[in-house]
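S.K.: Once you've had a glance at the structure underneath, I'll fire off some questions.
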Amino acid sequence: MKFSIDYNIKPLANTLNMNDSMLAVGSCFAENMAAKMQENGFNIMLNPNGIVFNPHSIFSHLQDYVGNKNLTEEELILHDGLWHSMQHHGSFSSADKAKLIANVNTQIAQAHNQLKQADWLFITLGSAWVYEYLPTQKKVTNNHKLPADLFNKKLLSIDELYNQFETVWQSIKQINPTIKILWSVSPVRYVRDGLYENNISKSILHLLVHQIVNTNPTNCFYFPAYEIVIDELRDYRFYKEDLVHPNELAINYVWQKFTATCFDKNSIDYLNDFQKYNMLINHKPLHTDSVSYQKYKEQCAHLRDYINNKYTKNID
């Protein structure tokens, strides 16, 4: 008897390599996957603007990275004693306006450099719903808990998003002609929008990615994170207590599928060896003055040197 659908994923035509340079932008699920890569020693920069859910903001941010566009004082708002950028996560907000601007512009400069030399750009779309800030009539990334009557909620259309992507895509290729994009749709359901509204939103995202990948088959690819969670892991035991965010078990399952189908063999071998190394160094002996502790340190050093020499890495 079978109790779930086995989602057979076709291996990526252009596989990732452990030495590739990467930039990841998008939802909190993008952060889960990118964090796994960071833990395993990959060169990846994650969400320079903070977590982003809607594709309009993602494409706007990418355009800023291409042009190395600095944030200006005129773009900030003051609310609840803090200065905020409507295009950045609340972690950037500060009572010190100059500090906020400096932090944001440092991230933009780093993202510009990463995008110029990146082998891969990972984009994870979360929601097709976006909020317009009425005083400026501009779509925003974060409302920073401002009063709801200052915003207009809007469902983005496939045509406007595709046209926006095509514009930024041409700009990206001017500074990095060989970059490839790996797309995914977040399996997180945005129940605050409503379940029906969430389904409509996810449909728009899937159709958008389908159109982009079919139009750019040599450098745009899709990884089915959404389908793995929604169709294979159809049980609330794979979710956190809020019943919408995948838990660690689900994240690890998707990561396993991701590495098996998207990385080349040498990188998979590296991941297996690096996991052994991580398990070893995370085991802390009780007595640091014992003979066994000295042997433990020698074992760690030996495995570290083995990995560095075999894979031309520089792990500490």
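Naming works like this for the structure tokens: A, B, ... for the chains as they're shown, residue 1 at the start of each chain, ligands 1 onward in shown order.
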Which residues are close to stretch 275-289 of chain A, i.e. within 9 Å by only C-alpha atoms, leaving aside same-chain residues fewer than 6 positions away? Reply as a list in words.
M.R.: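 Non-adjacent residues within range: Asn40, Tyr296, Lys297, Gln299, Cys300, Leu303, Arg304 and Ile307 of chain A.
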S.K.: Please report as a tab-separated table every residue of stretch 132-251 of chain A lying within 10 Å of stretch 47-60 of chain A, along with the nearest atom pair and their distance in Å (one decimal), using only C-alpha atoms.
M.R.:
```
residue	atom	partner	partner_atom	distance
A:Lys139	CA	A:Ser57	CA	7.7
A:Val140	CA	A:Ser57	CA	7.0
A:Thr141	CA	A:Ser57	CA	5.8
A:Asn142	CA	A:Val52	CA	8.4
A:Leu155	CA	A:Asn54	CA	9.9
A:Leu156	CA	A:His56	CA	8.0
A:Glu160	CA	A:His56	CA	8.9
A:Leu161	CA	A:His56	CA	6.5
A:Tyr162	CA	A:Pro55	CA	9.7
A:Gln164	CA	A:Phe59	CA	7.0
A:Phe165	CA	A:Phe59	CA	6.2
A:Glu166	CA	A:Phe59	CA	9.6
A:Thr167	CA	A:Phe59	CA	9.0
A:Val168	CA	A:Phe59	CA	6.6
A:Trp169	CA	A:Phe59	CA	8.8
A:Ser186	CA	A:Phe53	CA	9.0
A:Ser201	CA	A:Asn54	CA	9.8
A:Leu205	CA	A:Pro55	CA	8.3
A:Leu208	CA	A:Pro55	CA	9.7
```
S.K.: Take the selection from the previous step and output its residues with N, CA, C and O atoms, as a PDB file, in the first residue's frame.
M.R.:
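Listing of part.pdb after writing:
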```
ATOM      1  N   LYS A 139       3.989  50.268  -5.026  1.00  0.00           N
ATOM      2  CA  LYS A 139       3.928  48.946  -4.410  1.00  0.00           C
ATOM      3  C   LYS A 139       5.095  48.797  -3.437  1.00  0.00           C
ATOM      4  O   LYS A 139       6.211  49.220  -3.731  1.00  0.00           O
ATOM      5  N   VAL A 140       4.829  48.189  -2.288  1.00  0.00           N
ATOM      6  CA  VAL A 140       5.852  48.101  -1.249  1.00  0.00           C
ATOM      7  C   VAL A 140       6.124  46.645  -0.899  1.00  0.00           C
ATOM      8  O   VAL A 140       5.328  45.746  -1.158  1.00  0.00           O
ATOM      9  N   THR A 141       7.285  46.445  -0.274  1.00  0.00           N
ATOM     10  CA  THR A 141       7.691  45.113   0.178  1.00  0.00           C
ATOM     11  C   THR A 141       7.232  44.846   1.599  1.00  0.00           C
ATOM     12  O   THR A 141       6.873  43.726   1.957  1.00  0.00           O
ATOM     13  N   ASN A 142       7.225  45.884   2.421  1.00  0.00           N
ATOM     14  CA  ASN A 142       6.911  45.723   3.842  1.00  0.00           C
ATOM     15  C   ASN A 142       6.074  46.906   4.316  1.00  0.00           C
ATOM     16  O   ASN A 142       6.404  48.059   4.020  1.00  0.00           O
ATOM     17  N   LEU A 155      -3.977  42.157  -6.444  1.00  0.00           N
ATOM     18  CA  LEU A 155      -3.484  40.895  -6.993  1.00  0.00           C
ATOM     19  C   LEU A 155      -2.746  41.184  -8.291  1.00  0.00           C
ATOM     20  O   LEU A 155      -3.310  41.755  -9.236  1.00  0.00           O
ATOM     21  N   LEU A 156      -1.477  40.824  -8.352  1.00  0.00           N
ATOM     22  CA  LEU A 156      -0.661  41.085  -9.529  1.00  0.00           C
ATOM     23  C   LEU A 156      -1.087  40.186 -10.695  1.00  0.00           C
ATOM     24  O   LEU A 156      -1.539  39.053 -10.489  1.00  0.00           O
ATOM     25  N   GLU A 160       1.765  41.670 -16.362  1.00  0.00           N
ATOM     26  CA  GLU A 160       2.600  42.749 -15.832  1.00  0.00           C
ATOM     27  C   GLU A 160       3.870  42.194 -15.195  1.00  0.00           C
ATOM     28  O   GLU A 160       4.948  42.793 -15.301  1.00  0.00           O
ATOM     29  N   LEU A 161       3.764  41.042 -14.545  1.00  0.00           N
ATOM     30  CA  LEU A 161       4.943  40.443 -13.919  1.00  0.00           C
ATOM     31  C   LEU A 161       5.917  39.912 -14.956  1.00  0.00           C
ATOM     32  O   LEU A 161       7.134  40.064 -14.815  1.00  0.00           O
ATOM     33  N   TYR A 162       5.393  39.297 -16.010  1.00  0.00           N
ATOM     34  CA  TYR A 162       6.275  38.767 -17.053  1.00  0.00           C
ATOM     35  C   TYR A 162       7.027  39.909 -17.741  1.00  0.00           C
ATOM     36  O   TYR A 162       8.234  39.813 -17.995  1.00  0.00           O
ATOM     37  N   GLN A 164       7.718  42.813 -16.448  1.00  0.00           N
ATOM     38  CA  GLN A 164       8.694  43.345 -15.499  1.00  0.00           C
ATOM     39  C   GLN A 164       9.922  42.442 -15.431  1.00  0.00           C
ATOM     40  O   GLN A 164      11.058  42.921 -15.395  1.00  0.00           O
ATOM     41  N   PHE A 165       9.691  41.118 -15.430  1.00  0.00           N
ATOM     42  CA  PHE A 165      10.823  40.192 -15.403  1.00  0.00           C
ATOM     43  C   PHE A 165      11.684  40.347 -16.645  1.00  0.00           C
ATOM     44  O   PHE A 165      12.927  40.363 -16.551  1.00  0.00           O
ATOM     45  N   GLU A 166      11.074  40.434 -17.818  1.00  0.00           N
ATOM     46  CA  GLU A 166      11.840  40.544 -19.057  1.00  0.00           C
ATOM     47  C   GLU A 166      12.748  41.768 -19.036  1.00  0.00           C
ATOM     48  O   GLU A 166      13.888  41.722 -19.500  1.00  0.00           O
ATOM     49  N   THR A 167      12.265  42.854 -18.458  1.00  0.00           N
ATOM     50  CA  THR A 167      13.070  44.070 -18.376  1.00  0.00           C
ATOM     51  C   THR A 167      14.294  43.862 -17.483  1.00  0.00           C
ATOM     52  O   THR A 167      15.430  44.185 -17.859  1.00  0.00           O
ATOM     53  N   VAL A 168      14.068  43.312 -16.294  1.00  0.00           N
ATOM     54  CA  VAL A 168      15.189  43.118 -15.372  1.00  0.00           C
ATOM     55  C   VAL A 168      16.118  42.003 -15.865  1.00  0.00           C
ATOM     56  O   VAL A 168      17.336  42.057 -15.657  1.00  0.00           O
ATOM     57  N   TRP A 169      15.566  41.022 -16.544  1.00  0.00           N
ATOM     58  CA  TRP A 169      16.378  39.918 -17.065  1.00  0.00           C
ATOM     59  C   TRP A 169      17.377  40.422 -18.097  1.00  0.00           C
ATOM     60  O   TRP A 169      18.549  40.016 -18.099  1.00  0.00           O
ATOM     61  N   SER A 186       7.046  28.918  -3.226  1.00  0.00           N
ATOM     62  CA  SER A 186       7.009  28.531  -1.817  1.00  0.00           C
ATOM     63  C   SER A 186       5.772  27.696  -1.503  1.00  0.00           C
ATOM     64  O   SER A 186       4.659  28.057  -1.906  1.00  0.00           O
ATOM     65  N   SER A 201      -3.488  33.076  -5.900  1.00  0.00           N
ATOM     66  CA  SER A 201      -2.141  33.652  -5.897  1.00  0.00           C
ATOM     67  C   SER A 201      -1.095  32.641  -6.369  1.00  0.00           C
ATOM     68  O   SER A 201      -0.254  32.943  -7.233  1.00  0.00           O
ATOM     69  N   LEU A 205       1.538  32.543  -9.724  1.00  0.00           N
ATOM     70  CA  LEU A 205       2.985  32.330  -9.630  1.00  0.00           C
ATOM     71  C   LEU A 205       3.429  31.157 -10.485  1.00  0.00           C
ATOM     72  O   LEU A 205       4.458  31.225 -11.177  1.00  0.00           O
ATOM     73  N   LEU A 208       3.271  32.125 -14.131  1.00  0.00           N
ATOM     74  CA  LEU A 208       4.359  33.052 -14.438  1.00  0.00           C
ATOM     75  C   LEU A 208       5.669  32.299 -14.638  1.00  0.00           C
ATOM     76  O   LEU A 208       6.372  32.499 -15.639  1.00  0.00           O
TER      77      LEU A 208
END
```
S.K.: Taking the chain letters and numbering used in this document, name the residues of stretch 113-146 of chain A that DSSP puts in alpha helix (DSSP H), as a list in words.
M.R.: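 Answer for stretch 113-146 of chain A restricted to alpha helix (DSSP H) is Asn113, Gln114, Leu115, Lys116 and Gln117 of chain A.
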S.K.: Please list as number ranges by chain every residue within 8 Å of stretch 113-130 of chain A, counting only C-alpha atoms and excluding residues in the same chain fewer than 3 positions away.
M.R.: A: 20-27, 29-30, 45, 52-56, 65-66, 109-110, 139-141, 153-157, 172, 175-176, 178-188, 190, 198, 201-202, 204-205
S.K.: Quick one: pick out all strand (DSSP E or B) residues within stretch 116-191 of chain A from a backbone DSSP run and write them as JSON, numbers by chain.
M.R.: {"A": [120, 121, 122, 123, 124, 125, 129, 130, 131, 132, 133, 138, 139, 140, 151, 152, 153, 154, 155, 180, 181, 182, 183, 184, 185]}
S.K.: For N, CA, C and O atoms, I'd like the residues from the last selection saved as a CSV table (one decimal), in the first residue's frame.
M.R.:
```
chain,number,residue,atom,x,y,z
A,120,TRP,N,24.6,31.3,-10.3
A,120,TRP,CA,23.2,31.0,-10.2
A,120,TRP,C,22.4,32.0,-9.4
A,120,TRP,O,23.0,32.6,-8.4
A,121,LEU,N,21.2,32.3,-9.8
A,121,LEU,CA,20.3,33.2,-9.1
A,121,LEU,C,19.1,32.3,-8.7
A,121,LEU,O,18.5,31.7,-9.6
A,122,PHE,N,18.8,32.2,-7.4
A,122,PHE,CA,17.7,31.4,-6.9
A,122,PHE,C,16.5,32.4,-6.6
A,122,PHE,O,16.7,33.3,-5.8
A,123,ILE,N,15.4,32.2,-7.2
A,123,ILE,CA,14.2,33.0,-6.9
A,123,ILE,C,13.1,32.1,-6.4
A,123,ILE,O,12.6,31.2,-7.1
A,124,THR,N,12.6,32.4,-5.2
A,124,THR,CA,11.5,31.7,-4.6
A,124,THR,C,10.3,32.6,-4.5
A,124,THR,O,10.4,33.6,-3.6
A,125,LEU,N,9.2,32.4,-5.2
A,125,LEU,CA,8.1,33.3,-5.1
A,125,LEU,C,7.1,32.8,-4.1
A,125,LEU,O,6.9,31.6,-3.9
A,129,TRP,N,0.0,38.6,-4.2
A,129,TRP,CA,-0.7,39.7,-3.6
A,129,TRP,C,0.4,40.8,-3.2
A,129,TRP,O,1.5,40.4,-2.7
A,130,VAL,N,0.1,42.0,-3.4
A,130,VAL,CA,1.0,43.1,-3.1
A,130,VAL,C,0.2,44.3,-2.5
A,130,VAL,O,-1.0,44.4,-2.8
A,131,TYR,N,0.9,45.1,-1.8
A,131,TYR,CA,0.2,46.3,-1.2
A,131,TYR,C,0.8,47.5,-1.7
A,131,TYR,O,2.0,47.7,-1.9
A,132,GLU,N,-0.1,48.5,-2.1
A,132,GLU,CA,0.3,49.8,-2.6
A,132,GLU,C,0.2,50.8,-1.5
A,132,GLU,O,-0.9,50.8,-0.8
A,133,TYR,N,1.2,51.5,-1.3
A,133,TYR,CA,1.2,52.6,-0.2
A,133,TYR,C,0.6,53.8,-0.8
A,133,TYR,O,1.1,54.5,-1.7
A,138,LYS,N,2.9,53.7,-4.7
A,138,LYS,CA,3.9,52.7,-5.1
A,138,LYS,C,3.7,51.4,-4.3
A,138,LYS,O,3.3,51.3,-3.2
A,139,LYS,N,4.0,50.3,-5.0
A,139,LYS,CA,3.9,48.9,-4.4
A,139,LYS,C,5.1,48.8,-3.4
A,139,LYS,O,6.2,49.2,-3.7
A,140,VAL,N,4.8,48.2,-2.3
A,140,VAL,CA,5.9,48.1,-1.2
A,140,VAL,C,6.1,46.6,-0.9
A,140,VAL,O,5.3,45.7,-1.2
A,151,PHE,N,-3.0,51.6,2.8
A,151,PHE,CA,-2.6,50.6,1.8
A,151,PHE,C,-3.8,50.1,1.0
A,151,PHE,O,-4.9,50.1,1.5
A,152,ASN,N,-3.5,49.8,-0.3
A,152,ASN,CA,-4.5,49.1,-1.1
A,152,ASN,C,-3.9,47.8,-1.5
A,152,ASN,O,-2.8,47.7,-2.1
A,153,LYS,N,-4.7,46.7,-1.2
A,153,LYS,CA,-4.2,45.4,-1.6
A,153,LYS,C,-4.6,45.0,-3.0
A,153,LYS,O,-5.7,45.2,-3.5
A,154,LYS,N,-3.6,44.5,-3.7
A,154,LYS,CA,-3.9,44.2,-5.2
A,154,LYS,C,-3.3,42.9,-5.6
A,154,LYS,O,-2.2,42.4,-5.1
A,155,LEU,N,-4.0,42.2,-6.4
A,155,LEU,CA,-3.5,40.9,-7.0
A,155,LEU,C,-2.7,41.2,-8.3
A,155,LEU,O,-3.3,41.8,-9.2
A,180,LYS,N,22.4,31.7,-14.6
A,180,LYS,CA,21.2,30.9,-14.7
A,180,LYS,C,20.3,31.1,-13.5
A,180,LYS,O,20.8,31.5,-12.4
A,181,ILE,N,19.0,30.9,-13.7
A,181,ILE,CA,18.0,31.1,-12.6
A,181,ILE,C,17.3,29.8,-12.3
A,181,ILE,O,16.9,29.1,-13.2
A,182,LEU,N,17.3,29.5,-11.0
A,182,LEU,CA,16.5,28.3,-10.6
A,182,LEU,C,15.3,28.9,-9.8
A,182,LEU,O,15.5,29.5,-8.8
A,183,TRP,N,14.1,28.6,-10.3
A,183,TRP,CA,12.9,29.1,-9.8
A,183,TRP,C,12.2,28.1,-8.9
A,183,TRP,O,12.3,26.9,-9.1
A,184,SER,N,11.5,28.6,-7.9
A,184,SER,CA,10.6,27.7,-7.1
A,184,SER,C,9.5,28.6,-6.6
A,184,SER,O,9.6,29.8,-6.5
A,185,VAL,N,8.4,27.9,-6.2
A,185,VAL,CA,7.2,28.5,-5.6
A,185,VAL,C,7.2,28.0,-4.2
A,185,VAL,O,7.2,26.8,-3.9
```
S.K.: Could you check which of A:Ala148, A:Ile5, A:Met33, A:Leu207 is closest to A:Glu248, using only C-alpha atoms?
M.R.: A:Met33
S.K.: Near A:Asp269, within 12 Å and counting only C-alpha atoms, which residues show up once chain neighbours fewer than 2 positions away are dropped, as a list in words?
M.R.: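 So, after excluding close chain neighbours, the residues are Asn17, Met18, Thr259, Ala260, Phe263, Asp264, Lys265, Asn266, Ser267, Leu271, Asn272, Asp273, Phe274, Gln275, Lys276, Ile307, Lys310 and Tyr311 of chain A.
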S.K.: Keeping only N, CA and C atoms, write the selected residues as a compact mmCIF listing (two decimals), in the first residue's frame.
M.R.:
```txt
# COMPACT_ATOMS: atom_id res chain seq x y z
N ASN A 17 27.28 23.27 -8.82
CA ASN A 17 28.56 22.81 -8.31
C ASN A 17 28.86 23.51 -7.00
N MET A 18 29.54 22.81 -6.10
CA MET A 18 29.81 23.35 -4.77
C MET A 18 30.66 24.61 -4.81
N THR A 259 19.30 18.37 -3.36
CA THR A 259 20.70 18.00 -3.60
C THR A 259 20.81 16.82 -4.57
N ALA A 260 19.87 15.88 -4.47
CA ALA A 260 19.94 14.69 -5.32
C ALA A 260 19.70 15.00 -6.79
N PHE A 263 22.48 18.97 -7.84
CA PHE A 263 23.93 19.07 -7.71
C PHE A 263 24.63 17.98 -8.52
N ASP A 264 25.86 18.28 -8.97
CA ASP A 264 26.63 17.26 -9.66
C ASP A 264 27.18 16.25 -8.64
N LYS A 265 27.69 15.14 -9.16
CA LYS A 265 28.10 14.03 -8.27
C LYS A 265 29.21 14.45 -7.31
N ASN A 266 30.18 15.22 -7.79
CA ASN A 266 31.28 15.64 -6.92
C ASN A 266 30.76 16.48 -5.75
N SER A 267 29.77 17.31 -6.01
CA SER A 267 29.20 18.15 -4.95
C SER A 267 28.41 17.33 -3.95
N LEU A 271 29.05 17.05 -0.01
CA LEU A 271 28.02 17.25 1.02
C LEU A 271 28.01 16.10 2.02
N ASN A 272 28.17 14.88 1.54
CA ASN A 272 28.19 13.72 2.43
C ASN A 272 29.40 13.78 3.37
N ASP A 273 30.56 14.15 2.83
CA ASP A 273 31.76 14.25 3.67
C ASP A 273 31.66 15.42 4.64
N PHE A 274 31.11 16.53 4.16
CA PHE A 274 31.00 17.71 5.02
C PHE A 274 30.01 17.46 6.16
N GLN A 275 28.96 16.66 5.89
CA GLN A 275 28.01 16.31 6.93
C GLN A 275 28.70 15.49 8.03
N LYS A 276 29.56 14.58 7.63
CA LYS A 276 30.33 13.80 8.62
C LYS A 276 31.21 14.72 9.46
N ILE A 307 38.96 16.92 3.42
CA ILE A 307 37.93 17.59 2.63
C ILE A 307 38.53 18.75 1.85
N LYS A 310 40.70 17.25 -1.01
CA LYS A 310 39.95 16.51 -2.02
C LYS A 310 39.08 17.42 -2.88
N TYR A 311 38.45 18.42 -2.24
CA TYR A 311 37.49 19.26 -2.95
C TYR A 311 37.99 20.69 -3.19
```
